[in-house]
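Engineer: Take a look at this one; I'll ask things after.
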Amino acid sequence: MLRRPMDIAQYAQWFRNSTPYIKAHRGRTFVLHLPGEALEPPHLVNLVHDLALLHSLGAHLILVHGARPQLDSRLPDSQIHAGRRITGYDDLPLLQRICGELKGRLEAAFSTGLPNTPLHGTEITVASGNLVTARPLGVINGIDHLYSGAVRRVRGPAIRALLDTGAIVLLSPLGYSPSGQAFNLPSEELAALTAAAVQADKLIQLQPDAQLENSDGTSVSQLHPDDLETLIEDTAQPFSHRRRLQAAREALRRGVPSVQFVSFRDDGALLAELYTAGGQGTQITAHALARIRQARPKDLAAIVELIRPLEDEGVLVRRGRDRLEAEMTQFFVAELDGIVVGCAALYPFDNAASAELACVATHAAYRQQGYRIGQRLLSHAETLAQQQGLTQLFVLTTQAQDWFTERGFERMNPTCLPESKQALYNYQRNSTVLAKTLSPTEQDA
């Protein structure tokens with residue numbers, strides 16, 4: 001129970017900050033790869049609780065589970081070639097039994113009604129079936145892989161139909177050929193190809209570590225797809241980790257917009273990754289940069305949330321909601337994962353061939369994570385001004401002089417402002433006026 005005012009305020013702020021993500025993820029389809037390690041105590045219980053909450057918040061979930069550690073313990077003498085277990089005929093019954101046990105473990109966890117949680121009594125349906133067609137790997141480098149297989153086809157429309165009933169779809173690392181023969185499939189590959197087949201919005205790879213690390217061992221929260229190659233080529237990494245990276249690359253190549261790596265060991269990491277700005281894991285997106293677009297009327301609330309803290313600190317001049325609504329056509333926003341994470345406004349002065357850049361604001365959680373939201377908003381403003389034939393961009397600022405100076409702006413006297421702007425200049429506020437000369441576009445040159 002929250003007793004102290006500070007507890008209540010912190011909770012309320014957290015809930016407010018999570019609301020845009022709840023809205024953005026509702027109705028979205030997520031494929032989650034659950035390695036065999038994640039299905040053991042104590043990870044399984046926490047994970048199922050979080051997955052149930054995701055489901056209750058409206059996300060469509062497809063779970064692909066692995067079984068590698070369980071197979072390792074019961075088939076210690078398996079032959080491994082290039083990181084793949086060679087599955088013999090005598091191994092198939094055990095493989096099917098282990099997959100059945102793990103599948104049953106997950107189904108049972110979702111069928112308990114989630115006791116001792118806020119979701120107590122919730123009924124969640126888990127659906128599965130013959131949704132994956134497989135083929136044999138065959139002979140590789142002279143070695144017959146027998147009943148180790150590869151994904152031939154994932155029945156995307158059938159999975160979509162199951163999701164539409166409100167069920168969570170569960171896939172085991174088994175596939176069957178058209179003749180009915182079972183094959184052992186790599187769960188990472190199955191998760192990636194399933195995400196592509198259903199046109200999922202995200203592939204989420206659960207892993208032991210909190211984040212991926214770049215080549216120098218530094219943890220990263222955001223990664224560009226091109227950086228995956230370097231990590232994949234690092235042969236010092238365990239095969240299981242390289243498989244996750246390879247699956248991420250394959251999913252991105254096949255059009256899945258985003259892949260996220262999240263720890264299954266850290267309780268609540270999945271929720272923090274999806275419903276907080278800072279996240280807890282590593283995200284790789286096909287288009288890693290935020291999208292800059294014209295503001296819409298429905299963005300008003302998000303813009304207010306971005307600029308109000310800066311107005312309260314005196315960084316920005318306060319604008320009433322009515323004024324913001326009237327000036328919405330002057331605003332453009334940066335959008336990432338459906339969330340407005342930055343905004344700015346451009347006010348042209350046609351008679352002076354110049355424009356004012358105002359209300360530049362970035363969500364605090366995205367300022368230090370390599371997104372370069374402010375820089376991209378500035379670049380977009382410059383492009384818009386150039387397209388209108390304007391030759392100068394100016395800003396009035398009290399605290400961001402260095403940031404603009406580093407990007408080519410120079411200080412100028414307020415008397416050099418357009419006459420209509422000079423008349424509104426607040427000498428008591430004493431804002432620094434900075435200006436940047438814009439190069440003409442190719443059409444103007």
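Numbering starts fresh at 1 for the residues of each chain in the structure tokens, the chains themselves are lettered A, B, ... in the order given, and ligands are numbered from 1 as they appear.
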Restrict the calculation to only C-alpha atoms, then for each residue of segment 2-74 of chain A with any atom at most 12 Å from an atom of segment 140-161 of chain A give the closest atom pair and their distance in Å to one decimal, rows by chain and rising residue number, as CSV.
Structural biologist:
```
residue,atom,partner,partner_atom,distance
A:Arg28,CA,A:Arg160,CA,11.8
A:Thr29,CA,A:Arg160,CA,9.4
A:Phe30,CA,A:Arg160,CA,11.8
A:Val31,CA,A:Ile159,CA,11.3
A:His60,CA,A:Arg160,CA,9.3
A:Leu61,CA,A:Arg160,CA,10.4
A:Ile62,CA,A:Ile159,CA,8.5
A:Leu63,CA,A:Ile159,CA,11.3
```
Engineer: Restricting it to N, CA, C and O atoms, dump the selection as an mmCIF file, in the first residue's frame.
Structural biologist:
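Produced file again.cif, reproduced below:
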```
data_model
loop_
_atom_site.group_PDB
_atom_site.id
_atom_site.type_symbol
_atom_site.label_atom_id
_atom_site.label_comp_id
_atom_site.auth_asym_id
_atom_site.auth_seq_id
_atom_site.Cartn_x
_atom_site.Cartn_y
_atom_site.Cartn_z
ATOM 1 N N ARG A 28 -0.754 -4.525 -31.062
ATOM 2 C CA ARG A 28 0.475 -4.889 -31.770
ATOM 3 C C ARG A 28 0.791 -6.374 -31.547
ATOM 4 O O ARG A 28 0.390 -6.967 -30.539
ATOM 5 N N THR A 29 1.540 -6.951 -32.469
ATOM 6 C CA THR A 29 1.902 -8.364 -32.396
ATOM 7 C C THR A 29 3.368 -8.519 -32.042
ATOM 8 O O THR A 29 4.235 -7.980 -32.735
ATOM 9 N N PHE A 30 3.632 -9.243 -30.964
ATOM 10 C CA PHE A 30 4.995 -9.479 -30.499
ATOM 11 C C PHE A 30 5.277 -10.978 -30.526
ATOM 12 O O PHE A 30 4.481 -11.776 -30.023
ATOM 13 N N VAL A 31 6.404 -11.353 -31.105
ATOM 14 C CA VAL A 31 6.898 -12.723 -31.019
ATOM 15 C C VAL A 31 8.021 -12.737 -29.998
ATOM 16 O O VAL A 31 8.981 -11.977 -30.108
ATOM 17 N N HIS A 60 -0.800 -8.734 -28.750
ATOM 18 C CA HIS A 60 -0.983 -10.081 -29.295
ATOM 19 C C HIS A 60 0.355 -10.813 -29.187
ATOM 20 O O HIS A 60 1.353 -10.355 -29.755
ATOM 21 N N LEU A 61 0.363 -11.941 -28.487
ATOM 22 C CA LEU A 61 1.620 -12.611 -28.153
ATOM 23 C C LEU A 61 1.738 -13.973 -28.824
ATOM 24 O O LEU A 61 0.806 -14.782 -28.808
ATOM 25 N N ILE A 62 2.921 -14.202 -29.381
ATOM 26 C CA ILE A 62 3.308 -15.516 -29.898
ATOM 27 C C ILE A 62 4.576 -15.912 -29.161
ATOM 28 O O ILE A 62 5.588 -15.197 -29.217
ATOM 29 N N LEU A 63 4.546 -17.036 -28.464
ATOM 30 C CA LEU A 63 5.686 -17.503 -27.682
ATOM 31 C C LEU A 63 6.333 -18.682 -28.390
ATOM 32 O O LEU A 63 5.653 -19.652 -28.750
#
```
Engineer: Near Leu71 of chain A, counting only C-alpha atoms, which residues have an atom at most 12 Å away, once you skip same-chain residues fewer than 5 positions from it, shown as a VMD selection string?
Structural biologist: chain A and resid 36 to 37 66 76 to 78 85 to 87 91 to 99 101 to 102 173 184
Engineer: Would you mind exporting N, CA, C and O atoms of the selected residues as a PDB file, in the first residue's frame?
Structural biologist:
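File produced: out.pdb:
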```
ATOM      1  N   GLY A  36      15.294 -22.165 -23.243  1.00  0.00           N
ATOM      2  CA  GLY A  36      14.991 -23.177 -22.236  1.00  0.00           C
ATOM      3  C   GLY A  36      15.337 -22.739 -20.828  1.00  0.00           C
ATOM      4  O   GLY A  36      14.638 -23.096 -19.866  1.00  0.00           O
ATOM      5  N   GLU A  37      16.398 -21.938 -20.677  1.00  0.00           N
ATOM      6  CA  GLU A  37      16.797 -21.468 -19.346  1.00  0.00           C
ATOM      7  C   GLU A  37      15.715 -20.611 -18.698  1.00  0.00           C
ATOM      8  O   GLU A  37      15.576 -20.583 -17.477  1.00  0.00           O
ATOM      9  N   GLY A  66      12.395 -22.569 -26.359  1.00  0.00           N
ATOM     10  CA  GLY A  66      13.524 -23.439 -26.650  1.00  0.00           C
ATOM     11  C   GLY A  66      13.573 -24.606 -25.687  1.00  0.00           C
ATOM     12  O   GLY A  66      12.753 -24.710 -24.769  1.00  0.00           O
ATOM     13  N   PRO A  76      23.513 -36.022 -23.002  1.00  0.00           N
ATOM     14  CA  PRO A  76      24.858 -35.458 -22.822  1.00  0.00           C
ATOM     15  C   PRO A  76      25.860 -35.889 -23.897  1.00  0.00           C
ATOM     16  O   PRO A  76      26.882 -35.222 -24.077  1.00  0.00           O
ATOM     17  N   ASP A  77      25.564 -36.960 -24.593  1.00  0.00           N
ATOM     18  CA  ASP A  77      26.518 -37.466 -25.592  1.00  0.00           C
ATOM     19  C   ASP A  77      26.155 -37.068 -27.017  1.00  0.00           C
ATOM     20  O   ASP A  77      26.671 -37.637 -27.983  1.00  0.00           O
ATOM     21  N   SER A  78      25.263 -36.088 -27.144  1.00  0.00           N
ATOM     22  CA  SER A  78      24.866 -35.660 -28.490  1.00  0.00           C
ATOM     23  C   SER A  78      26.063 -35.132 -29.265  1.00  0.00           C
ATOM     24  O   SER A  78      26.946 -34.467 -28.716  1.00  0.00           O
ATOM     25  N   ARG A  85      22.801 -29.498 -32.829  1.00  0.00           N
ATOM     26  CA  ARG A  85      22.727 -30.862 -32.342  1.00  0.00           C
ATOM     27  C   ARG A  85      22.310 -31.785 -33.489  1.00  0.00           C
ATOM     28  O   ARG A  85      21.358 -31.495 -34.213  1.00  0.00           O
ATOM     29  N   ILE A  86      23.026 -32.867 -33.674  1.00  0.00           N
ATOM     30  CA  ILE A  86      22.633 -33.860 -34.672  1.00  0.00           C
ATOM     31  C   ILE A  86      21.643 -34.809 -33.993  1.00  0.00           C
ATOM     32  O   ILE A  86      21.998 -35.549 -33.076  1.00  0.00           O
ATOM     33  N   THR A  87      20.413 -34.741 -34.427  1.00  0.00           N
ATOM     34  CA  THR A  87      19.327 -35.476 -33.790  1.00  0.00           C
ATOM     35  C   THR A  87      19.138 -36.813 -34.481  1.00  0.00           C
ATOM     36  O   THR A  87      18.754 -36.875 -35.654  1.00  0.00           O
ATOM     37  N   ASP A  91      16.708 -40.305 -30.740  1.00  0.00           N
ATOM     38  CA  ASP A  91      16.579 -39.095 -29.928  1.00  0.00           C
ATOM     39  C   ASP A  91      15.202 -38.448 -30.058  1.00  0.00           C
ATOM     40  O   ASP A  91      14.790 -37.673 -29.190  1.00  0.00           O
ATOM     41  N   LEU A  92      14.505 -38.757 -31.161  1.00  0.00           N
ATOM     42  CA  LEU A  92      13.246 -38.065 -31.435  1.00  0.00           C
ATOM     43  C   LEU A  92      12.194 -38.245 -30.338  1.00  0.00           C
ATOM     44  O   LEU A  92      11.553 -37.268 -29.926  1.00  0.00           O
ATOM     45  N   PRO A  93      11.961 -39.471 -29.831  1.00  0.00           N
ATOM     46  CA  PRO A  93      10.948 -39.607 -28.773  1.00  0.00           C
ATOM     47  C   PRO A  93      11.261 -38.756 -27.546  1.00  0.00           C
ATOM     48  O   PRO A  93      10.352 -38.152 -26.960  1.00  0.00           O
ATOM     49  N   LEU A  94      12.547 -38.689 -27.172  1.00  0.00           N
ATOM     50  CA  LEU A  94      12.929 -37.871 -26.018  1.00  0.00           C
ATOM     51  C   LEU A  94      12.727 -36.390 -26.331  1.00  0.00           C
ATOM     52  O   LEU A  94      12.238 -35.623 -25.489  1.00  0.00           O
ATOM     53  N   LEU A  95      13.092 -35.969 -27.531  1.00  0.00           N
ATOM     54  CA  LEU A  95      12.894 -34.577 -27.943  1.00  0.00           C
ATOM     55  C   LEU A  95      11.418 -34.202 -27.863  1.00  0.00           C
ATOM     56  O   LEU A  95      11.060 -33.150 -27.325  1.00  0.00           O
ATOM     57  N   GLN A  96      10.569 -35.067 -28.391  1.00  0.00           N
ATOM     58  CA  GLN A  96       9.142 -34.772 -28.372  1.00  0.00           C
ATOM     59  C   GLN A  96       8.603 -34.752 -26.947  1.00  0.00           C
ATOM     60  O   GLN A  96       7.742 -33.930 -26.601  1.00  0.00           O
ATOM     61  N   ARG A  97       9.126 -35.641 -26.092  1.00  0.00           N
ATOM     62  CA  ARG A  97       8.664 -35.687 -24.708  1.00  0.00           C
ATOM     63  C   ARG A  97       9.076 -34.413 -23.960  1.00  0.00           C
ATOM     64  O   ARG A  97       8.281 -33.821 -23.222  1.00  0.00           O
ATOM     65  N   ILE A  98      10.332 -33.972 -24.167  1.00  0.00           N
ATOM     66  CA  ILE A  98      10.814 -32.758 -23.489  1.00  0.00           C
ATOM     67  C   ILE A  98      10.021 -31.540 -23.956  1.00  0.00           C
ATOM     68  O   ILE A  98       9.610 -30.700 -23.150  1.00  0.00           O
ATOM     69  N   CYS A  99       9.799 -31.431 -25.270  1.00  0.00           N
ATOM     70  CA  CYS A  99       9.009 -30.300 -25.776  1.00  0.00           C
ATOM     71  C   CYS A  99       7.593 -30.342 -25.222  1.00  0.00           C
ATOM     72  O   CYS A  99       7.019 -29.295 -24.877  1.00  0.00           O
ATOM     73  N   GLU A 101       6.733 -31.612 -22.322  1.00  0.00           N
ATOM     74  CA  GLU A 101       6.816 -31.212 -20.913  1.00  0.00           C
ATOM     75  C   GLU A 101       6.895 -29.693 -20.766  1.00  0.00           C
ATOM     76  O   GLU A 101       6.212 -29.098 -19.924  1.00  0.00           O
ATOM     77  N   LEU A 102       7.742 -29.057 -21.591  1.00  0.00           N
ATOM     78  CA  LEU A 102       7.903 -27.604 -21.493  1.00  0.00           C
ATOM     79  C   LEU A 102       6.643 -26.878 -21.955  1.00  0.00           C
ATOM     80  O   LEU A 102       6.236 -25.873 -21.353  1.00  0.00           O
ATOM     81  N   PRO A 173       9.935 -26.022 -30.554  1.00  0.00           N
ATOM     82  CA  PRO A 173      10.962 -26.135 -31.604  1.00  0.00           C
ATOM     83  C   PRO A 173      10.893 -27.471 -32.339  1.00  0.00           C
ATOM     84  O   PRO A 173      11.887 -28.183 -32.466  1.00  0.00           O
ATOM     85  N   ASN A 184      13.864 -31.610 -35.406  1.00  0.00           N
ATOM     86  CA  ASN A 184      14.310 -30.709 -34.347  1.00  0.00           C
ATOM     87  C   ASN A 184      14.715 -29.375 -34.976  1.00  0.00           C
ATOM     88  O   ASN A 184      15.590 -29.339 -35.849  1.00  0.00           O
TER      89      ASN A 184
END
```
Engineer: Just list as JSON, numbers by chain whatever in segment 127-255 of chain A DSSP marks as strand (DSSP E).
Structural biologist: {"A": [127, 132, 133, 134, 135, 136, 139, 140, 143, 144, 149, 150, 151, 152, 153, 154, 168, 169, 170, 171, 174, 175, 176, 182, 183, 184, 202, 203, 204, 205, 206, 207, 212, 213, 219, 220, 222, 223]}
Engineer: Give me the residues within 10 Å of Ile339 of chain A as a PyMOL selection string, counting only C-alpha atoms and dropping any in the same chain fewer than 5 places off.
Structural biologist: chain A and resi 20-21+23-24+277+290+299+302+333-334
Engineer: What's the separation between atom CA of Ile292 of chain A and atom CA of Leu228 of chain A, in Å to one decimal place?
Structural biologist: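 These two atoms are separated by 25.3 Å.
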Engineer: Which one of A:Asn426, A:Thr405, A:Thr383, A:Gly278 sits closest to His363 of chain A if you count only C-alpha atoms?
Structural biologist: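 The closest residue to His363 of chain A is A:Gly278.
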Engineer: Just checking: using only C-alpha atoms, which residue out of A:Gly281, A:Thr391, A:Leu75, A:Gln199 ends up closest to Ser219 of chain A?
Structural biologist: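 Ranking A:Gly281, A:Thr391, A:Leu75, A:Gln199 by distance to Ser219 of chain A, first place goes to A:Gly281.
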Engineer: Compare A:Ile307, A:Val341, A:Val220, A:Leu163 by their minimum atom-to-atom distance to Arg367 of chain A, counting only C-alpha atoms, and give me the closest one.
Structural biologist: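 With only C-alpha atoms as the atom set, the closest residue is A:Val341.
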Engineer: Find the residues of segment 163-187 of chain A that sit at most 10 Å from segment 44-55 of chain A; for each, write down the nearest two atoms and how far apart they are in Å, to one decimal. Count only C-alpha atoms. Sort by chain, then by number going up, and give it as CSV.
Structural biologist:
```
residue,atom,partner,partner_atom,distance
A:Gly166,CA,A:His55,CA,8.8
A:Ala167,CA,A:His55,CA,8.9
A:Ile168,CA,A:His55,CA,7.8
```
Engineer: Using only C-alpha atoms, pick whichever of A:Phe239, A:Tyr425, A:Tyr366, A:Tyr347 has the shortest atom-to-atom distance to Glu382 of chain A.
Structural biologist: A:Tyr347
Engineer: How would you write, as an MDAnalysis selection string, the set of residues in segment 105-319 of chain A that DSSP gives as alpha helix (DSSP H)?
Structural biologist: chainID A and resid 105:111 156:164 187:197 228:232 239:253 269:275 300:312
Engineer: Expressed in Å to a single decimal, how great is the separation between atom CA of Ser431 of chain A and atom CA of Thr397 of chain A?
Structural biologist: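 So the answer is 5.2 Å.
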Engineer: Find the spatial neighbours of Gly342 of chain A, counting only C-alpha atoms, within a cut-off of 8 Å - ignore same-chain residues fewer than 2 positions away - and output them as an mmCIF file with all heavy atoms, in the first residue's frame.
Structural biologist:
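Below is the file around-v3.cif, written as the result:
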```cif
data_model
loop_
_atom_site.group_PDB
_atom_site.id
_atom_site.type_symbol
_atom_site.label_atom_id
_atom_site.label_comp_id
_atom_site.auth_asym_id
_atom_site.auth_seq_id
_atom_site.Cartn_x
_atom_site.Cartn_y
_atom_site.Cartn_z
ATOM 1 N N ILE A 303 2.781 17.133 -27.147
ATOM 2 C CA ILE A 303 3.618 18.333 -27.224
ATOM 3 C C ILE A 303 3.578 19.099 -25.904
ATOM 4 O O ILE A 303 4.612 19.564 -25.415
ATOM 5 C CB ILE A 303 3.155 19.220 -28.399
ATOM 6 C CG1 ILE A 303 3.462 18.524 -29.734
ATOM 7 C CG2 ILE A 303 3.829 20.588 -28.348
ATOM 8 C CD1 ILE A 303 2.898 19.230 -30.951
ATOM 9 N N LEU A 306 5.823 17.536 -23.460
ATOM 10 C CA LEU A 306 7.238 17.756 -23.748
ATOM 11 C C LEU A 306 7.700 19.143 -23.316
ATOM 12 O O LEU A 306 8.798 19.304 -22.763
ATOM 13 C CB LEU A 306 7.502 17.575 -25.245
ATOM 14 C CG LEU A 306 7.519 16.146 -25.795
ATOM 15 C CD1 LEU A 306 7.561 16.178 -27.319
ATOM 16 C CD2 LEU A 306 8.712 15.364 -25.249
ATOM 17 N N VAL A 333 7.041 16.908 -35.278
ATOM 18 C CA VAL A 333 7.388 16.064 -34.137
ATOM 19 C C VAL A 333 8.305 14.937 -34.570
ATOM 20 O O VAL A 333 8.355 14.554 -35.747
ATOM 21 C CB VAL A 333 6.123 15.475 -33.469
ATOM 22 C CG1 VAL A 333 5.234 16.584 -32.915
ATOM 23 C CG2 VAL A 333 5.358 14.585 -34.436
ATOM 24 N N ALA A 334 9.049 14.404 -33.600
ATOM 25 C CA ALA A 334 9.856 13.193 -33.785
ATOM 26 C C ALA A 334 9.096 12.047 -33.138
ATOM 27 O O ALA A 334 8.679 12.143 -31.986
ATOM 28 C CB ALA A 334 11.231 13.368 -33.135
ATOM 29 N N GLU A 335 8.913 10.981 -33.885
ATOM 30 C CA GLU A 335 8.127 9.842 -33.414
ATOM 31 C C GLU A 335 8.981 8.588 -33.448
ATOM 32 O O GLU A 335 9.651 8.283 -34.439
ATOM 33 C CB GLU A 335 6.889 9.675 -34.296
ATOM 34 C CG GLU A 335 5.924 8.593 -33.842
ATOM 35 C CD GLU A 335 4.748 8.491 -34.779
ATOM 36 O OE1 GLU A 335 4.964 8.198 -35.972
ATOM 37 O OE2 GLU A 335 3.604 8.694 -34.326
ATOM 38 N N VAL A 340 5.584 10.133 -29.424
ATOM 39 C CA VAL A 340 6.168 11.436 -29.742
ATOM 40 C C VAL A 340 7.268 11.719 -28.732
ATOM 41 O O VAL A 340 7.011 11.851 -27.531
ATOM 42 C CB VAL A 340 5.095 12.540 -29.708
ATOM 43 C CG1 VAL A 340 5.737 13.916 -29.886
ATOM 44 C CG2 VAL A 340 4.072 12.302 -30.819
ATOM 45 N N ALA A 344 9.276 20.585 -32.330
ATOM 46 C CA ALA A 344 9.817 21.914 -32.633
ATOM 47 C C ALA A 344 8.797 22.638 -33.501
ATOM 48 O O ALA A 344 7.889 22.015 -34.069
ATOM 49 C CB ALA A 344 11.167 21.819 -33.338
ATOM 50 N N VAL A 360 11.876 23.862 -29.272
ATOM 51 C CA VAL A 360 12.643 22.631 -29.487
ATOM 52 C C VAL A 360 12.702 21.873 -28.163
ATOM 53 O O VAL A 360 13.248 22.363 -27.173
ATOM 54 C CB VAL A 360 14.066 22.938 -29.983
ATOM 55 C CG1 VAL A 360 14.837 21.632 -30.211
ATOM 56 C CG2 VAL A 360 14.015 23.754 -31.265
ATOM 57 N N ALA A 361 12.121 20.681 -28.127
ATOM 58 C CA ALA A 361 12.063 19.894 -26.891
ATOM 59 C C ALA A 361 12.200 18.418 -27.213
ATOM 60 O O ALA A 361 11.636 17.927 -28.196
ATOM 61 C CB ALA A 361 10.749 20.148 -26.153
ATOM 62 N N THR A 362 12.948 17.726 -26.369
ATOM 63 C CA THR A 362 13.160 16.282 -26.505
ATOM 64 C C THR A 362 12.805 15.606 -25.192
ATOM 65 O O THR A 362 13.115 16.128 -24.120
ATOM 66 C CB THR A 362 14.628 15.973 -26.854
ATOM 67 O OG1 THR A 362 14.975 16.660 -28.053
ATOM 68 C CG2 THR A 362 14.845 14.491 -27.052
ATOM 69 N N HIS A 363 12.165 14.468 -25.272
ATOM 70 C CA HIS A 363 11.853 13.697 -24.073
ATOM 71 C C HIS A 363 13.149 13.389 -23.321
ATOM 72 O O HIS A 363 14.132 12.946 -23.911
ATOM 73 C CB HIS A 363 11.144 12.395 -24.459
ATOM 74 C CG HIS A 363 10.481 11.699 -23.320
ATOM 75 N ND1 HIS A 363 11.184 11.180 -22.254
ATOM 76 C CD2 HIS A 363 9.173 11.442 -23.062
ATOM 77 C CE1 HIS A 363 10.347 10.616 -21.407
ATOM 78 N NE2 HIS A 363 9.120 10.770 -21.868
ATOM 79 N N ILE A 373 17.778 13.237 -31.289
ATOM 80 C CA ILE A 373 16.472 13.784 -31.629
ATOM 81 C C ILE A 373 16.579 15.280 -31.938
ATOM 82 O O ILE A 373 16.042 15.767 -32.942
ATOM 83 C CB ILE A 373 15.468 13.555 -30.484
ATOM 84 C CG1 ILE A 373 15.365 12.053 -30.137
ATOM 85 C CG2 ILE A 373 14.100 14.116 -30.864
ATOM 86 C CD1 ILE A 373 14.822 11.210 -31.220
ATOM 87 N N GLY A 374 17.268 16.024 -31.057
ATOM 88 C CA GLY A 374 17.387 17.467 -31.270
ATOM 89 C C GLY A 374 18.054 17.808 -32.584
ATOM 90 O O GLY A 374 17.604 18.710 -33.309
ATOM 91 N N LEU A 377 15.635 17.208 -35.420
ATOM 92 C CA LEU A 377 14.614 18.253 -35.496
ATOM 93 C C LEU A 377 15.186 19.515 -36.133
ATOM 94 O O LEU A 377 14.536 20.160 -36.969
ATOM 95 C CB LEU A 377 14.086 18.562 -34.096
ATOM 96 C CG LEU A 377 13.216 17.481 -33.441
ATOM 97 C CD1 LEU A 377 13.013 17.802 -31.960
ATOM 98 C CD2 LEU A 377 11.864 17.374 -34.147
#
```
Engineer: Find the residues around segment 310-325 of chain A up to 7 Å (only C-alpha atoms counted), leave out those fewer than 6 positions away in its own chain, and share them as an NGL selection string.
Structural biologist: :A and (300 or 359 or 398-399)
Engineer: Pull N, CA, C and O atoms from the residues just selected and write them as a PDB file, in the first residue's frame.
Structural biologist:
```pdb
ATOM      1  N   LEU A 300      -1.325  17.187 -29.760  1.00  0.00           N
ATOM      2  CA  LEU A 300      -1.290  18.343 -28.857  1.00  0.00           C
ATOM      3  C   LEU A 300      -0.910  17.945 -27.435  1.00  0.00           C
ATOM      4  O   LEU A 300      -0.044  18.575 -26.813  1.00  0.00           O
ATOM      5  N   CYS A 359      10.409  26.251 -29.552  1.00  0.00           N
ATOM      6  CA  CYS A 359       9.826  25.093 -28.855  1.00  0.00           C
ATOM      7  C   CYS A 359      10.561  23.793 -29.149  1.00  0.00           C
ATOM      8  O   CYS A 359       9.937  22.733 -29.279  1.00  0.00           O
ATOM      9  N   THR A 398      17.737  31.066 -23.746  1.00  0.00           N
ATOM     10  CA  THR A 398      18.372  31.533 -22.507  1.00  0.00           C
ATOM     11  C   THR A 398      19.386  30.533 -21.964  1.00  0.00           C
ATOM     12  O   THR A 398      20.247  30.904 -21.180  1.00  0.00           O
ATOM     13  N   GLN A 399      19.289  29.248 -22.395  1.00  0.00           N
ATOM     14  CA  GLN A 399      20.151  28.233 -21.787  1.00  0.00           C
ATOM     15  C   GLN A 399      20.800  27.271 -22.779  1.00  0.00           C
ATOM     16  O   GLN A 399      21.569  26.404 -22.364  1.00  0.00           O
TER      17      GLN A 399
END
```
Engineer: A:Ser354, A:Gln280, A:Ser172, A:Asn413: which is nearest Val64 of chain A, counting only C-alpha atoms?
Structural biologist: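 Of A:Ser354, A:Gln280, A:Ser172, A:Asn413, the one nearest Val64 of chain A is A:Ser172, counting only C-alpha atoms.
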Engineer: Contacts of Phe349 of chain A at 8 Å or less, counting only C-alpha atoms, minus same-chain residues fewer than 6 places along, as a list in words?
Structural biologist: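 Contacts, with the query itself left out: Ala355, Glu356 and Pro418 of chain A.
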Engineer: From the set A:Thr122, A:Asn430, A:Ser73, A:Ser420, which residue has the shortest atom-to-atom contact distance to Ala352 of chain A, counting only C-alpha atoms?
Structural biologist: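 When distances to Ala352 of chain A are compared using only C-alpha atoms, the smallest one comes from A:Ser420.
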Engineer: Just to confirm, what's the straight-line distance from atom CA of Tyr275 of chain A to atom CA of Phe15 of chain A in Å (one decimal)?
Structural biologist: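 Result for atom CA of Tyr275 of chain A versus atom CA of Phe15 of chain A: 9.4 Å, one decimal.
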